[in-house]
>>> print(open('data_20.cif').read())   # mmCIF, C-alpha atoms
data_query
loop_
_atom_site.label_atom_id
_atom_site.label_comp_id
_atom_site.auth_asym_id
_atom_site.auth_seq_id
_atom_site.Cartn_x
_atom_site.Cartn_y
_atom_site.Cartn_z
CA MET A 610 -3.89 156.19 -99.57
CA ALA A 611 -6.58 157.45 -97.25
CA SER A 612 -6.69 160.88 -98.82
CA SER A 613 -7.22 159.63 -102.37
CA SER A 614 -9.36 156.53 -101.95
CA THR A 615 -13.12 156.33 -101.83
CA LYS A 616 -12.98 152.87 -100.27
CA THR A 617 -13.99 152.47 -96.65
CA HIS A 618 -11.52 151.32 -94.05
CA PRO A 619 -12.45 149.56 -90.80
CA TRP A 620 -10.20 151.72 -88.62
CA PHE A 621 -11.38 155.15 -89.71
CA GLU A 622 -14.01 157.04 -91.66
CA ILE A 623 -13.11 160.05 -93.78
CA CYS A 624 -15.61 162.82 -93.08
CA HIS A 625 -15.36 164.31 -96.59
CA SER A 626 -12.76 163.07 -99.05
CA ARG A 627 -10.31 165.78 -100.07
CA PRO A 628 -7.51 164.21 -102.12
CA SER A 629 -5.86 167.62 -102.66
CA ALA A 630 -5.86 168.57 -98.97
CA LYS A 631 -2.52 169.71 -97.60
CA TYR A 632 -3.07 168.11 -94.19
CA GLN A 633 -4.76 165.14 -92.54
CA VAL A 634 -6.60 165.25 -89.22
CA PHE A 635 -7.34 162.04 -87.28
CA ILE A 636 -9.87 162.28 -84.45
CA PHE A 637 -9.54 159.69 -81.67
CA PRO A 638 -12.90 159.86 -79.86
CA ALA A 639 -13.82 159.16 -76.26
CA ALA A 640 -15.03 155.86 -74.85
CA GLY A 641 -18.32 154.61 -76.17
CA VAL A 642 -19.77 155.60 -79.53
CA PRO A 643 -18.11 158.35 -81.65
CA GLY A 644 -20.22 161.51 -81.80
CA SER A 645 -21.85 162.14 -85.19
CA TYR A 646 -21.06 165.86 -84.79
CA TYR A 647 -17.45 165.15 -85.78
CA ASN A 648 -18.63 164.50 -89.34
CA ASP A 649 -19.06 168.22 -90.02
CA TRP A 650 -16.00 169.52 -88.23
CA ASP A 651 -14.14 169.94 -91.49
CA ARG A 652 -16.74 172.24 -93.03
CA ASN A 653 -14.58 175.38 -92.72
CA PHE A 654 -11.22 173.64 -93.03
CA PRO A 655 -10.77 173.28 -96.82
CA GLU A 656 -7.05 172.48 -96.56
CA TYR A 657 -7.63 169.57 -94.18
CA GLU A 658 -9.06 166.10 -94.59
CA PHE A 659 -10.68 164.96 -91.33
CA SER A 660 -11.10 161.29 -90.39
CA VAL A 661 -12.69 159.76 -87.29
CA VAL A 662 -10.98 156.69 -85.85
CA ILE A 663 -13.36 153.79 -85.23
CA TYR A 664 -12.34 151.52 -82.35
CA PRO A 665 -13.11 147.78 -82.39
CA GLY A 666 -16.55 146.99 -80.99
CA ARG A 667 -18.16 150.27 -82.18
CA ALA A 668 -20.31 151.33 -85.12
CA LYS A 669 -19.53 149.20 -88.18
CA ARG A 670 -17.06 147.19 -86.05
CA SER A 671 -19.62 146.19 -83.42
CA SER A 672 -18.98 142.48 -83.91
CA GLU A 673 -15.29 142.83 -83.00
CA LYS A 674 -13.73 142.33 -79.59
CA TYR A 675 -12.91 145.41 -77.51
CA LEU A 676 -9.25 146.25 -77.02
CA THR A 677 -8.25 146.85 -73.40
CA THR A 678 -4.52 147.68 -73.53
CA ILE A 679 -2.41 150.31 -75.24
CA LYS A 680 -0.18 147.53 -76.56
CA GLU A 681 -3.13 146.05 -78.46
CA TYR A 682 -4.06 149.44 -79.87
CA LEU A 683 -0.52 150.24 -80.97
CA GLY A 684 -0.16 146.90 -82.71
CA GLN A 685 -3.35 147.31 -84.71
CA LEU A 686 -2.89 151.03 -85.42
CA HIS A 687 0.64 150.33 -86.68
CA ARG A 688 -0.71 147.81 -89.16
CA GLU A 689 -3.99 149.42 -90.09
CA LEU A 690 -3.70 153.22 -89.75
CA LEU A 691 -0.02 154.12 -90.10
CA PRO A 692 0.16 153.29 -93.84
CA TYR A 693 -2.62 155.83 -94.45
CA ILE A 694 -0.72 158.72 -92.88
CA THR A 695 0.64 160.25 -96.06
CA LYS A 696 0.73 163.98 -95.33
CA PRO A 697 1.50 166.35 -92.44
CA CYS A 698 -1.18 165.56 -89.89
CA ILE A 699 -2.79 166.42 -86.60
CA PHE A 700 -4.15 164.02 -83.98
CA ILE A 701 -7.15 165.14 -81.92
CA GLY A 702 -7.99 163.00 -78.90
CA HIS A 703 -10.89 163.22 -76.47
CA SER A 704 -10.92 161.47 -73.08
CA VAL A 705 -9.53 157.94 -73.59
CA GLY A 706 -8.73 159.04 -77.14
CA THR A 707 -6.03 161.32 -75.69
CA ILE A 708 -4.16 158.29 -74.35
CA ILE A 709 -4.47 156.37 -77.61
CA SER A 710 -3.52 159.33 -79.82
CA PHE A 711 -0.52 160.35 -77.71
CA ALA A 712 0.77 156.80 -77.34
CA PHE A 713 0.40 156.20 -81.08
CA ALA A 714 2.14 159.47 -81.98
CA ARG A 715 5.04 158.66 -79.68
CA PHE A 716 5.22 155.10 -81.02
CA ILE A 717 5.49 156.43 -84.58
CA ILE A 718 8.19 158.92 -83.60
CA GLU A 719 10.24 156.55 -81.44
CA THR A 720 10.21 153.73 -84.00
CA ARG A 721 11.69 156.24 -86.44
CA SER A 722 9.04 155.64 -89.02
CA TYR A 723 9.20 158.33 -91.69
CA GLN A 724 5.62 159.22 -90.75
CA GLY A 725 7.00 160.53 -87.47
CA ASP A 726 7.92 163.71 -89.34
CA TYR A 727 4.30 164.06 -90.40
CA ILE A 728 2.92 164.39 -86.85
CA LYS A 729 2.76 168.17 -86.47
CA LEU A 730 0.38 168.75 -83.55
CA LEU A 731 -1.59 166.92 -80.86
CA ILE A 732 -4.83 168.43 -79.54
CA GLU A 733 -5.80 166.57 -76.37
CA MET A 734 -9.26 167.15 -74.90
CA GLY A 735 -10.98 166.35 -71.65
CA ARG A 736 -8.40 164.24 -69.85
CA GLY A 737 -5.35 164.77 -67.69
CA ALA A 738 -1.90 163.63 -68.75
CA PRO A 739 -1.75 159.81 -69.07
CA HIS A 740 1.46 159.46 -67.06
CA VAL A 741 -0.24 160.93 -63.97
CA THR A 742 -2.52 158.97 -61.66
CA ASP A 743 -6.18 159.89 -62.12
CA VAL A 744 -7.66 160.85 -58.76
CA ASP A 745 -11.18 159.93 -59.86
CA LYS A 746 -12.61 156.46 -59.39
CA SER A 747 -12.19 154.27 -62.46
CA PHE A 748 -15.22 153.03 -64.38
CA THR A 749 -13.83 149.53 -63.87
CA ASP A 750 -14.37 149.92 -60.11
CA MET A 751 -17.89 151.31 -60.37
CA THR A 752 -21.17 149.46 -60.33
CA ASP A 753 -23.35 150.00 -63.38
CA ALA A 754 -25.57 152.34 -61.35
CA GLU A 755 -22.58 154.39 -60.19
CA LEU A 756 -21.27 154.62 -63.73
CA VAL A 757 -24.61 155.85 -65.08
CA GLU A 758 -24.82 158.45 -62.32
CA ASN A 759 -21.30 159.62 -63.16
CA LEU A 760 -22.24 159.97 -66.81
CA LYS A 761 -25.27 162.05 -65.91
CA GLN A 762 -23.23 164.35 -63.69
CA THR A 763 -20.57 165.03 -66.30
CA SER A 764 -22.77 165.17 -69.41
CA ASP A 765 -24.34 168.05 -71.26
CA PRO A 766 -27.73 168.62 -69.53
CA SER A 767 -29.46 168.73 -72.92
CA THR A 768 -28.43 165.12 -73.63
CA ARG A 769 -28.61 163.71 -70.10
CA GLU A 770 -31.90 161.87 -70.67
CA ILE A 771 -30.17 159.37 -72.97
CA TYR A 772 -28.74 157.75 -69.85
CA ASP A 773 -32.26 156.81 -68.76
CA TYR A 774 -32.70 154.70 -71.90
CA GLN A 775 -31.80 151.18 -70.82
CA PRO A 776 -30.97 149.70 -74.27
CA PHE A 777 -28.41 152.48 -74.75
CA ILE A 778 -26.94 151.83 -71.29
CA ASP A 779 -26.73 148.10 -71.97
CA MET A 780 -24.79 148.84 -75.15
CA ILE A 781 -22.42 151.47 -73.81
CA ILE A 782 -21.38 150.13 -70.40
CA PRO A 783 -19.23 147.26 -71.76
CA MET A 784 -17.48 149.77 -74.05
CA LEU A 785 -16.83 152.20 -71.23
CA LYS A 786 -15.46 149.55 -68.88
CA ALA A 787 -13.21 148.12 -71.59
CA ASP A 788 -11.86 151.57 -72.45
CA ALA A 789 -11.39 152.42 -68.77
CA LYS A 790 -8.84 149.62 -68.48
CA ILE A 791 -6.60 151.59 -70.81
CA GLY A 792 -6.70 154.64 -68.57
CA ASP A 793 -6.05 152.57 -65.45
CA VAL A 794 -2.47 151.90 -66.56
CA LEU A 795 -0.02 154.80 -66.56
CA ILE A 796 2.14 155.22 -69.64
CA PRO A 797 5.83 156.30 -69.62
CA SER A 798 6.55 160.02 -69.31
CA ASN A 799 9.22 160.39 -71.99
CA PRO A 800 8.27 163.52 -73.99
CA ILE A 801 8.07 164.05 -77.75
CA ASN A 802 9.08 167.03 -79.89
CA THR A 803 5.56 167.47 -81.24
CA PRO A 804 3.59 170.43 -79.82
CA ILE A 805 0.66 169.59 -77.54
CA ILE A 806 -2.33 171.85 -76.90
CA VAL A 807 -4.96 170.84 -74.34
CA TYR A 808 -8.67 171.71 -74.24
CA GLY A 809 -10.87 171.28 -71.17
CA GLY A 810 -14.41 171.90 -69.97
CA GLU A 811 -14.93 174.34 -67.11
CA LYS A 812 -17.89 172.29 -65.85
CA ASP A 813 -16.07 168.98 -66.11
CA CYS A 814 -14.85 167.46 -62.85
CA LEU A 815 -11.28 167.59 -64.17
CA ARG A 816 -9.05 170.20 -62.52
CA GLU A 817 -7.07 172.53 -64.81
CA GLU A 818 -3.87 171.75 -62.92
CA PHE A 819 -4.26 168.12 -64.03
CA LEU A 820 -4.57 169.28 -67.65
CA ASN A 821 -1.42 171.34 -67.26
CA ARG A 822 0.61 168.19 -66.59
CA TRP A 823 0.50 167.48 -70.34
CA ILE A 824 3.35 169.98 -70.68
CA GLU A 825 5.64 167.30 -69.26
CA LEU A 826 5.02 165.16 -72.38
CA THR A 827 6.23 167.68 -74.97
CA LYS A 828 9.63 169.22 -75.59
CA SER A 829 7.94 172.10 -77.43
CA LYS A 830 7.00 173.78 -74.17
CA ASP A 831 6.85 177.27 -75.68
CA LEU A 832 3.92 176.16 -77.83
CA PHE A 833 2.02 174.41 -75.04
CA ARG A 834 -1.22 175.93 -73.80
CA VAL A 835 -4.47 174.94 -72.08
CA ARG A 836 -7.75 176.31 -73.39
CA MET A 837 -10.89 176.10 -71.25
CA PHE A 838 -14.47 176.08 -72.56
CA PRO A 839 -17.79 176.67 -70.72
CA GLY A 840 -18.99 173.09 -70.95
CA HIS A 841 -18.99 169.65 -69.34
CA HIS A 842 -16.96 166.56 -70.28
CA ASN A 843 -18.32 166.64 -73.84
CA PHE A 844 -17.65 170.35 -74.19
CA GLN A 845 -16.46 169.77 -77.76
CA SER A 846 -20.11 169.13 -78.60
CA GLU A 847 -21.67 171.72 -76.27
CA CYS A 848 -19.25 174.45 -77.29
CA GLN A 849 -18.66 173.30 -80.83
CA THR A 850 -18.46 176.76 -82.42
CA GLN A 851 -15.86 177.97 -79.94
CA VAL A 852 -13.88 174.72 -80.15
CA LEU A 853 -13.73 174.83 -83.95
CA GLN A 854 -12.62 178.45 -83.90
CA CYS A 855 -9.82 177.58 -81.49
CA LEU A 856 -8.82 174.60 -83.63
CA LYS A 857 -8.50 176.88 -86.62
CA GLU A 858 -6.35 179.31 -84.63
CA ASP A 859 -4.14 176.55 -83.27
CA PHE A 860 -3.78 174.84 -86.66
CA ASN A 861 -2.74 178.15 -88.25
CA ASN A 862 -0.36 179.00 -85.45
CA ILE A 863 1.46 175.66 -85.50
CA LEU A 864 1.30 174.65 -89.17
CA ASN A 865 1.34 178.01 -90.93
CA ASN A 866 3.08 180.11 -88.27
CA THR A 867 0.18 182.52 -88.49
CA LYS A 868 -1.51 183.86 -85.38
CA THR A 869 -5.18 184.79 -85.72
#
>>> encode(input="data_20.cif", output="structure tokens")
Amino acid sequence: MASSSTKTHPWFEICHSRPSAKYQVFIFPAAGVPGSYYNDWDRNFPEYEFSVVIYPGRAKRSSEKYLTTIKEYLGQLHRELLPYITKPCIFIGHSVGTIISFAFARFIIETRSYQGDYIKLLIEMGRGAPHVTDVDKSFTDMTDAELVENLKQTSDPSTREIYDYQPFIDMIIPMLKADAKIGDVLIPSNPINTPIIVYGGEKDCLREEFLNRWIELTKSKDLFRVRMFPGHHNFQSECQTQVLQCLKEDFNNILNNTKT
């Protein structure tokens, strides 16, 4: 079990092992390399065990081939991650991670796996609903120069200089273009019973009305909400304190029926 084992697993890394935790949290990061800041997100969440999902071709899996379709992701997640979901859990997705996390949650529920009852909440960050056509140009259709310029425009100004470092660009562009293929294909719009809460950045190019379309993918419409933060596409890093406070409120509201 993920929550009681100290062994590493290729598909995820446990931030801090908490075998007695009541809940599990799986973070599905954006395209590229997972942010190291996720490692401390569980600091003030003693009842939760946080894990960061590691996609093929990243970090310790850098020698593996990128996945470019949801079907590939679902097949591998079913084999490699599903058996480790052993408690009530929350999926947090950012950018392309919203597509992967939602599709995986729905797959678990629709295949009637007993773990479907464990999926209690989806927090989806920084991307519009995956059944709606994205009005922005896909990374797959951009030149490398256009892609780098897009990254600079949507990034936190304090970290923008990283995109002038060519070795980093050479590493990340293949990841981004592979992940973009996932977002280029719309997924079915059949909703799930699980509540969905959406977070967005006010300085991101994504319109709030696009974020609101996530409500069409949940039957728990009374629990749906969109929260906006004063940041760019990676607002979860820029506005980390505010984001973590909202996560705590939303976790309590959904899991413990306690409003803070």
>>> residues_around(input="data_20.cif", residues="stretch 780-787 of chain A", least_positions_apart="3", cutoff="8 Å", atoms="only C-alpha atoms", output="number ranges by chain")
A: 640-642, 666, 675-677, 748-749, 753, 776-777, 790-791
>>> closest_residue(input="data_20.cif", among="A:Ile771, A:Ile728, A:Leu856, A:Ile824", to="A:Ile699", atoms="all atoms listed in the file")
A:Ile728
>>> atom_distance(input="data_20.cif", atom1="atom CA of A:Pro800", atom2="atom CA of A:Gly735")
19.6 Å
>>> atom_distance(input="data_20.cif", atom1="atom CA of A:Leu690", atom2="atom CA of A:Ser722")
13.0 Å
>>> resolve_selection(input="data_20.cif", expression="the PyMOL selection byres ((chain A and resi 812) around 6)", output="number ranges by chain")
A: 810-811, 813, 840-841
